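A short write-up of the structure that comes next.
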Amino acid sequence: MLFRAMLPGVRTAVCALALATACGASRPAFDGTVFHHGAVAFRVPAVPAGWTRLQVPDAALAFRDEAHDASVLVNARCGEKDGDAPLVALTNQLVMGTTERAHTLEETVPFDGREARHTRMTAKLDGVARDFDIFVMKKDGCVYDFVYVSAPEHAVAGAPDFEGFVKGFHTVRGDEAP
């Protein structure tokens, strides 16, 4: 039932991401701006109007942006052995299983006091063309992924809300978390 609300084909990507996530045994907590789960704690700005929160097992946060036929995934993992991998390799892990990739943007940007890899691409996921807007950052032994997957005709319209949301992200200390 949950996955029916997501874009066709995104179920596969979300399942793969969820299996790759290891955040500890504590229960996740999200108060609308601060997320805390095990070693992971971060603050995000208010969720854009029109985004609906989805419950995805083992993913930090997931949303549906129905107006732009898009899904949003925010994920974090700490202490994993792939945490030493370059940002480009971590980005490529997020799009495994896609075909016919065409990058429209690849850049390194300042992000929460570190550098992040920002990638935009069009690719086919389960044979369906989708646009991907991806940010990947490593900080303090954790990897943070932000993925916006939309129908190509809605990518430009949905990108400002997603990128504004991502740019408002900040890690927090455990004593700042709920």
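Each chain in the structure tokens gets a letter, A, B and so on, in the order shown; residues start at 1 in every chain, and ligands are counted from 1 in the order they appear.
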
Would you return as a compact mmCIF listing (two decimals) with C-alpha atoms, in the first residue's frame the members of region 114-168 of chain A that DSSP assigns to strand (DSSP E) on this structure's backbone?
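Below you can see out-v1.txt, which holds the result:
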```txt
# COMPACT_ATOMS: atom_id res chain seq x y z
CA ARG A 114 31.44 20.40 4.07
CA GLU A 115 31.31 19.61 0.38
CA ALA A 116 28.48 17.74 -1.29
CA ARG A 117 28.11 16.25 -4.72
CA HIS A 118 25.12 17.66 -6.60
CA THR A 119 24.00 15.67 -9.63
CA ARG A 120 21.08 16.13 -11.98
CA MET A 121 20.37 13.46 -14.55
CA THR A 122 17.73 11.84 -16.63
CA ALA A 123 17.64 8.04 -16.56
CA LYS A 124 15.23 5.21 -17.05
CA LEU A 125 14.02 3.39 -13.96
CA VAL A 128 10.33 4.73 -17.41
CA ALA A 129 12.15 8.05 -17.99
CA ARG A 130 12.69 9.99 -14.76
CA ASP A 131 14.66 13.05 -13.73
CA PHE A 132 16.91 12.76 -10.69
CA ASP A 133 18.18 15.63 -8.55
CA ILE A 134 20.67 14.21 -6.02
CA PHE A 135 22.85 15.61 -3.24
CA VAL A 136 25.31 13.41 -1.33
CA MET A 137 27.39 14.62 1.63
CA LYS A 138 29.75 12.96 4.13
CA LYS A 139 30.16 14.44 7.59
CA CYS A 142 27.89 9.67 8.27
CA VAL A 143 26.65 9.77 4.68
CA TYR A 144 23.59 11.87 3.83
CA ASP A 145 21.60 11.34 0.63
CA PHE A 146 18.88 13.59 -0.77
CA VAL A 147 17.05 12.32 -3.85
CA TYR A 148 14.26 13.95 -5.87
CA VAL A 149 12.82 11.70 -8.59
CA SER A 150 10.24 13.24 -10.90
```

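Rounded to one decimal, CA of Arg77 (chain A) and CA of Val109 (chain A) lie 20.5 Å from each other.
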
For Thr171 (chain A), please output as JSON, numbers by chain all residues within 8 Å (counting only C-alpha atoms; exclusion window: fewer than 2 positions along the same chain). {"A": [41, 42, 43, 112, 169, 173]}

Now that the selection is made, can you save its residues with C-alpha atoms as a PDB file, in the first residue's frame?
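New file out21.pdb:
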```
ATOM      1  CA  ALA A  41      20.475  13.640  13.959  1.00  0.00           C
ATOM      2  CA  PHE A  42      19.694  16.508  11.612  1.00  0.00           C
ATOM      3  CA  ARG A  43      17.498  19.546  11.138  1.00  0.00           C
ATOM      4  CA  ASP A 112      26.568  22.273   5.976  1.00  0.00           C
ATOM      5  CA  PHE A 169      19.657  20.876   6.093  1.00  0.00           C
ATOM      6  CA  ARG A 173      24.394  17.159  18.060  1.00  0.00           C
TER       7      ARG A 173
END
```

What is the distance between CA of Phe111 (chain A) and CA of Gln55 (chain A), in Å to one decimal?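 Between CA of Phe111 (chain A) and CA of Gln55 (chain A) the gap works out to 26.2 Å.
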
So what do you get for CA of Ala60 (chain A) versus CA of Leu90 (chain A), distance-wise? 17.1 Å

Using backbone DSSP assignments, extract all alpha helix (DSSP H) residues from region 5-176 of chain A; output them as an MDAnalysis selection string. chainID A and resid 10:20 87:94 155:167

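For the choices A:Val95, A:Ala39, A:Leu73, A:Leu87, the atom-to-atom distance to Pro57 (chain A) is smallest for A:Leu73 when using only C-alpha atoms.
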
Which residues are close to Pro28 (chain A), i.e. within 9 Å by only C-alpha atoms, leaving aside same-chain residues fewer than 4 positions away? Reply as a list in words. Cys23, Phe35, His36, His37, Gly38 and Ala60 of chain A

With 12 Å as the cut-off and only C-alpha atoms counted, what is the closest atom pair between each nearby residue of region 44-92 of chain A and region 103-107 of chain A? Distances in Å to one decimal, ordered by chain and number, as CSV.
```
residue,atom,partner,partner_atom,distance
A:Leu87,CA,A:Glu107,CA,10.6
A:Val88,CA,A:Glu106,CA,9.2
A:Thr91,CA,A:Glu106,CA,10.4
A:Asn92,CA,A:His103,CA,11.6
```

In terms of only C-alpha atoms, the residue from A:Val74, A:Ala49, A:Ala85, A:Leu94 at minimal distance from Asp161 (chain A) is A:Ala49
